[in-house]
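So this block is data-v3.txt, compact mmCIF, C-alpha atoms and all ligand atoms:
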```txt
# COMPACT_ATOMS: atom_id res chain seq x y z
CA MET A 1 39.50 14.82 -105.05
CA PRO A 2 42.84 16.64 -104.96
CA ILE A 3 41.39 19.79 -103.51
CA SER A 4 42.34 19.97 -99.87
CA GLY A 5 45.64 19.46 -98.11
CA SER A 6 47.80 21.14 -100.69
CA GLY A 7 50.13 22.68 -98.11
CA SER A 8 50.32 26.07 -96.53
CA ARG A 9 52.60 28.01 -98.87
CA PRO A 10 50.24 28.75 -101.77
CA ARG A 11 47.54 29.38 -99.19
CA LYS A 12 49.37 32.37 -97.82
CA GLU A 13 49.68 33.99 -101.23
CA ARG A 14 46.02 33.40 -101.90
CA ARG A 15 45.09 34.98 -98.58
CA MET A 16 46.49 38.31 -99.65
CA THR A 17 44.65 38.30 -102.94
CA GLU A 18 41.50 37.26 -101.16
CA THR A 19 41.66 40.21 -98.83
CA ASN A 20 42.12 42.59 -101.73
CA THR A 21 39.28 41.20 -103.77
CA ALA A 22 37.05 40.98 -100.73
CA THR A 23 37.24 44.66 -99.90
CA GLU A 24 36.73 45.59 -103.52
CA ASN A 25 33.92 43.18 -104.26
CA THR A 26 31.80 43.26 -101.16
CA SER A 27 30.79 46.91 -101.36
CA ILE A 28 27.62 46.98 -103.42
CA PRO A 29 27.25 50.04 -105.64
CA THR A 30 24.26 52.22 -104.83
CA SER A 31 23.77 53.89 -108.19
CA GLU A 32 23.92 52.79 -111.80
CA ARG A 33 26.81 55.17 -112.22
CA GLU A 34 28.77 53.31 -109.60
CA TRP A 35 27.81 50.01 -111.18
CA ARG A 36 29.18 51.19 -114.50
CA LYS A 37 32.42 52.13 -112.79
CA LYS A 38 32.72 48.80 -111.02
CA LEU A 39 31.87 46.53 -113.93
CA THR A 40 33.19 46.10 -117.44
CA PRO A 41 30.68 46.96 -120.21
CA MET A 42 29.99 43.25 -120.77
CA GLN A 43 29.50 42.60 -117.06
CA TYR A 44 27.19 45.59 -116.82
CA TYR A 45 25.13 44.47 -119.81
CA VAL A 46 24.69 40.96 -118.39
CA ALA A 47 24.45 41.60 -114.65
CA ARG A 48 22.55 44.90 -114.63
CA GLU A 49 20.54 44.71 -117.84
CA ALA A 50 19.81 40.98 -117.72
CA GLY A 51 21.69 40.44 -120.95
CA THR A 52 23.13 37.16 -122.13
CA GLU A 53 26.66 36.66 -123.34
CA ARG A 54 27.05 34.73 -126.58
CA PRO A 55 27.57 30.98 -126.07
CA PHE A 56 31.18 29.83 -126.04
CA SER A 57 32.27 33.44 -125.69
CA GLY A 58 32.55 33.82 -121.93
CA GLU A 59 35.53 33.27 -119.72
CA TYR A 60 34.31 30.19 -117.86
CA TRP A 61 32.16 28.00 -120.10
CA ASN A 62 35.09 25.57 -120.49
CA GLU A 63 36.80 26.35 -117.19
CA LYS A 64 38.02 23.25 -115.33
CA ASP A 65 39.99 24.76 -112.45
CA PRO A 66 38.61 24.02 -108.98
CA GLY A 67 37.25 27.00 -107.16
CA THR A 68 34.28 29.05 -106.11
CA TYR A 69 32.36 31.29 -108.47
CA MET A 70 31.61 34.56 -106.68
CA CYS A 71 28.98 37.12 -107.59
CA ILE A 72 30.50 39.88 -109.73
CA GLY A 73 28.39 42.46 -107.93
CA CYS A 74 28.86 41.65 -104.25
CA GLY A 75 31.39 38.82 -103.99
CA ALA A 76 28.97 36.31 -102.49
CA PRO A 77 29.95 32.68 -103.15
CA LEU A 78 27.34 31.28 -105.55
CA PHE A 79 28.60 28.16 -107.29
CA HIS A 80 31.48 25.73 -106.92
CA SER A 81 33.45 23.79 -109.49
CA ASP A 82 32.42 20.54 -107.75
CA GLU A 83 28.91 21.07 -109.12
CA LYS A 84 30.01 22.35 -112.52
CA PHE A 85 29.36 20.06 -115.47
CA ASP A 86 29.79 20.12 -119.20
CA SER A 87 26.38 20.96 -120.60
CA SER A 88 27.67 21.65 -124.13
CA SER A 89 25.61 24.83 -124.01
CA GLY A 90 28.52 27.24 -124.15
CA TRP A 91 27.74 28.71 -120.75
CA PRO A 92 29.10 27.64 -117.38
CA SER A 93 26.59 25.15 -116.01
CA PHE A 94 26.08 23.90 -112.50
CA TYR A 95 23.68 21.32 -111.11
CA ASP A 96 23.58 23.00 -107.72
CA LYS A 97 24.44 26.24 -105.98
CA VAL A 98 26.72 26.64 -103.00
CA GLU A 99 24.93 25.94 -99.73
CA GLY A 100 23.35 29.13 -98.46
CA ALA A 101 24.08 31.03 -101.67
CA PRO A 102 21.77 34.04 -102.10
CA VAL A 103 20.46 32.77 -105.44
CA GLU A 104 16.90 33.90 -106.14
CA GLU A 105 14.52 32.63 -108.79
CA HIS A 106 12.05 34.69 -110.81
CA THR A 107 9.71 33.79 -113.63
CA ASP A 108 10.96 35.36 -116.84
CA HIS A 109 8.56 35.83 -119.77
CA SER A 110 11.04 37.51 -122.12
CA LEU A 111 11.77 36.30 -125.66
CA GLY A 112 8.37 34.60 -125.85
CA MET A 113 9.41 31.86 -123.46
CA VAL A 114 8.72 31.06 -119.86
CA ARG A 115 11.99 30.59 -118.10
CA THR A 116 13.27 30.87 -114.56
CA GLU A 117 15.73 33.68 -114.17
CA VAL A 118 18.28 33.50 -111.37
CA THR A 119 19.62 36.59 -109.68
CA CYS A 120 21.82 37.35 -106.70
CA GLY A 121 19.61 38.19 -103.73
CA ASN A 122 22.31 40.38 -102.20
CA CYS A 123 22.86 42.81 -105.03
CA GLN A 124 20.12 41.89 -107.58
CA CYS A 125 22.62 41.12 -110.32
CA HIS A 126 21.31 38.91 -113.12
CA LEU A 127 23.14 35.59 -113.21
CA GLY A 128 21.38 33.49 -115.82
CA HIS A 129 18.57 30.94 -115.84
CA VAL A 130 17.85 27.60 -114.23
CA PHE A 131 16.38 24.75 -116.28
CA PRO A 132 14.94 21.42 -115.15
CA ASP A 133 17.13 19.36 -117.48
CA GLY A 134 20.30 19.00 -115.43
CA PRO A 135 22.06 15.86 -114.24
CA ARG A 136 21.49 14.02 -111.00
CA PRO A 137 21.20 14.43 -108.12
CA THR A 138 19.28 17.71 -108.49
CA GLY A 139 18.10 17.49 -112.10
CA LEU A 140 18.78 21.20 -112.35
CA ARG A 141 20.94 23.14 -114.76
CA TYR A 142 21.98 26.57 -113.60
CA CYS A 143 23.01 28.20 -116.86
CA ILE A 144 25.18 31.09 -115.72
CA ASN A 145 26.86 33.89 -117.62
CA SER A 146 30.61 34.08 -117.13
CA ALA A 147 30.23 37.84 -116.95
CA SER A 148 28.16 37.56 -113.76
CA VAL A 149 30.73 35.63 -111.77
CA ASP A 150 34.34 35.72 -110.78
CA LEU A 151 36.20 32.45 -110.20
CA LYS A 152 38.19 32.35 -107.00
CA ARG A 153 40.46 29.38 -107.60
CA ASP A 154 40.94 26.93 -104.71
ZN ZN A 201 25.61 39.67 -105.65
```
As structure tokens, please, write out the structure in this file.
Ligand SMILES: [Zn+2]
Amino acid sequence: MPISGSGSRPRKERRMTETNTATENTSIPTSEREWRKKLTPMQYYVAREAGTERPFSGEYWNEKDPGTYMCIGCGAPLFHSDEKFDSSSGWPSFYDKVEGAPVEEHTDHSLGMVRTEVTCGNCQCHLGHVFPDGPRPTGLRYCINSASVDLKRD
């Protein structure tokens, strides 16, 4: 995979952006007011009110660039493009999370269905749902809202 060993020049540029985003993203708001300030209305609706963006409407459902998808609330690395696959669902889909990612699962009885909601354990942001119909090797499909994550390109 043409991911590593791409030289040191672009790396330097990325470093600076990383530092900026890191300081901004890692402070977790302590009130809903702060959350509203930090997030766009769509991000707030999805991440804080457990909303769902319309399929094929989000930023990343068809994203192919390699990188890590970070939590919109706290900047924790959650998913990586290596585990992203085309689920034809209209939402970014992953068959696994990043190792050690603070992804938590909860039973969700909303909309008359029993589903497994996934949230960020660091900041409690809603991410999406996980379904048992994904590809090998995990058989899982993390169906994630674009609004809940921020792609940090490799
Ligand atoms: Zn988070």
- Hey, can you check how far atom CA of Trp35 of chain A sits from atom CA of Leu151 of chain A?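 Going from atom CA of Trp35 of chain A over to atom CA of Leu151 of chain A covers 19.5 Å.
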- Item | Who sits within 7 Å of Lys84 of chain A, only C-alpha atoms, same chain under 4 positions skipped, as a VMD selection string | chain A and resid 80 93 to 95
- Task: Might you pull out every residue within 12 Å of Cys143 of chain A, with all atoms listed in the file counted and same-chain residues fewer than 6 positions away left off, and present them as a ChimeraX atom specification?
- Result: /A:52-53,55,60-61,79,84-97,115-119,126-134,149
- Could you tell me, counting all atoms listed in the file, which protein and nucleic acid residues lie no more than 7 Å from ligand ZN 201 (chain A), written as a PyMOL selection string? chain A and resi 71-76+120-125
- Counting all atoms listed in the file, which residues come within 12 Å of (29.1, 41.6, -121.4), with the point read in the file's coordinates, and could you list them as a list in words? Arg36, Leu39, Thr40, Pro41, Met42, Gln43, Tyr44, Tyr45, Val46, Ala47, Arg48, Glu49, Ala50, Gly51, Thr52, Glu53, Arg54, Pro55, Ser57, Gly58, Glu59, Ile72, His126, Leu127, Asn145, Ser146, Ala147, Ser148 and Val149 of chain A
- Message: Report, in Å with one decimal, the straight-line distance from atom CA of Met70 of chain A to atom CA of Asp150 of chain A.
- Response: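 One can read the atom CA of Met70 of chain A to atom CA of Asp150 of chain A distance as 5.1 Å.
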For segment 62-71 of chain A, what centre and edge lengths in Å (one decimal) does the axis-aligned box get once 8 Å is added on each side of all its listed atoms, as lines of an AutoDock Vina configuration file?
```
center_x = 34.5
center_y = 30.2
center_z = -113.3
size_x = 27.0
size_y = 29.9
size_z = 30.4
```
- Item | Atomic distance atom CA of Lys38 of chain A - atom CA of Asp65 of chain A, expressed in Å with one decimal |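 Interatomic distance, atom CA of Lys38 of chain A to atom CA of Asp65 of chain A: 25.2 Å.
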